[in-house]
Structure formats: C-alpha cells, structure tokens
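Engineer: This structure is in structure tokens; I'll ask about it shortly.
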Amino acid sequence: MNAFIHHYFVHIIAVVTILSRVADVATTYLVTPRLKLEANAIARRLGWKYALATILIGFIPYYSVPMGIIVLTASLLVAASNASKIMMARVLGEDELAALNRRVLAATPLWPGLFYILLPAFLVGLLGAVMLLFYPTPDTWGYYFAYGVLVYAFVIVVWGPLRFLRAKARLGQMGG
C-alpha cells in the first residue's frame, strides 16, 4: 500500500463508505421517490428523513474499519440493485411500476414466488461463502468484503420474502 493510502486509509474508507450510503439513498430516490417500492418496511414507514439519516452510518470506519468495509460492500450492492431498476421506474413511473409489481405478484403462486425471491440471496450468499474460503481469517480485508456480501444476502432473505408475503396477504392470495 503506498504511503498516501496507508496514511489516510481510515479517511479513504470513510469517504467511500459515505459515498456508498449516498448511492443507496440516491438510487432509491430515483426508483421510488414516494417509497412505494421500498422493500425495507422501516425506511418506507419512517420516510426520507430516516433514509437520509442512514448516510451517517458511513462514518462507522472511524469506529471500526472492518465494520466500515462490511457497510461499504453491502451498501454498494444495494445501490447496484436499485440502479438496475432505475430505467423501468423512470419510464413507467412509480405508480405504474407498483401496479405492474402487483400484477406480477397476483399471477405468481406463493411457493415458486418465494423461491424466485430467495434465489438471488442464495447466489449472492454463495459468492460470500466462496470469498470466505479464500479469505477465512480476519487478518485480510477480503474477509470483511465477504461478510459485506453475506450481509447483503441476508438483507435479501429478510426484506424480499417479508414484502412478498405482505403483498400476497393484501391481495388475499396466501393459499399458494
């Protein structure tokens, strides 16, 4: 590591982690300005003030650089997922995209739907597990990047099925 990076390492990680949180919030806004499509029920309920406040998590490297790497990794993956939906959200609009999502939910049986929602979490989690094979100890940064990938997989496992099941219940289709 060159001297500059070594000297300012914590600050560099903090700046990139803050930027990853800003990317998450900004891409969320571009997809769902009224948070109608937000998977995180807490963020949806508490609104944009809460979402903006989560940027402060980006300062965590000043407390723990390894935790910062985990937050940085998970936040960039969330932002990338959000970014993959921007074009459709911008073309259709939030209301029409929400209506399309409802139509897809109504047409998707419960068990295949849960499988489809959990499949990306499994694949992302598998990537994190493979990374841990190569970086099995906390003395390497790869270990913490792997945990960031696993945290993102966990986020998918938690919020994806919760949102799906809540929506199916609203549609009165829990019978499967």
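In the structure tokens, chains take the letters A, B, ... in the order shown, each chain's residues start at 1, and ligands count up from 1 in the order shown.
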Fewer than 4 positions away in the same chain doesn't count, so skip those; otherwise give me all residues within 7 Å of stretch 158-166 of chain A, counting only C-alpha atoms, as a list in words.

Structural biologist: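 Contacts, with the query itself left out: Ala39, Asn40, Leu114, Ile117, Phe154 and Arg170 of chain A.
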
Engineer: Extract, using only C-alpha atoms, all DNA, RNA and protein residues at most 12 Å from A:Thr108, discarding same-chain residues fewer than 2 positions from it, and format them as a VMD selection string.

Structural biologist: chain A and resid 101 to 106 110 to 117 164 to 165 167 to 168 171 173 to 176

Engineer: Compile the contact shell of A:Ala80 as a list in words: residues with an atom at most 12 Å away, counting only C-alpha atoms, same-chain residues fewer than 5 positions apart removed.

Structural biologist: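 Neighbouring residues, sequence-local ones excluded: Ser20, Arg21, Ala23, Asp24, Val25, Ala26, Thr27, Thr28, Val31, Thr73, Ala74, Ser75, Lys85, Ile86 and Tyr152 of chain A.
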
Engineer: Which one is closest to A:Ile69: A:Leu19, A:Ala14, A:Val155, A:Leu46? Count only C-alpha atoms.

Structural biologist: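 Looking only at the distances to A:Ile69, the closest residue turns out to be A:Ala14.
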
Engineer: Could you jot down the atom CA of A:Val149 to atom CA of A:Leu123 separation for me, Å, one decimal place?

Structural biologist: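 A separation of 10.4 Å between them.
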
Engineer: Quote the spacing between atom CA of A:Ser64 and atom CA of A:Val157 in Å to one decimal place.

Structural biologist: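 Going from atom CA of A:Ser64 over to atom CA of A:Val157, I get 25.6 Å.
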
Engineer: In Å, rounded to a single decimal, give me how far atom CA of A:Pro33 is from atom CA of A:Leu92.

Structural biologist: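 Between these atoms lies a distance of 13.1 Å.
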
Engineer: Which one of A:Phe4, A:Tyr144, A:Tyr29, A:Phe122 sits closest to A:Leu52 if you count only C-alpha atoms?

Structural biologist: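 Of A:Phe4, A:Tyr144, A:Tyr29, A:Phe122, the one nearest A:Leu52 is A:Tyr29, counting only C-alpha atoms.
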
Engineer: Give the alpha helix (DSSP H) residues of chain A, as assigned by DSSP on the backbone, as a ChimeraX atom specification.

Structural biologist: /A:3-7,9-31,41-46,48-53,65-83,86-92,94-107,110-134,141-170

Engineer: Which is closer to A:Pro109 than all the others in A:Gly93, A:Gly172, A:Gly47, A:Gly128, using only C-alpha atoms?

Structural biologist: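 When distances to A:Pro109 are compared using only C-alpha atoms, the smallest one comes from A:Gly172.
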
Engineer: In terms of the shortest atom-to-atom distance over only C-alpha atoms, which of A:Val91, A:Ala51, A:Val65, A:Ala153 is closest to A:His11?

Structural biologist: A:Val65
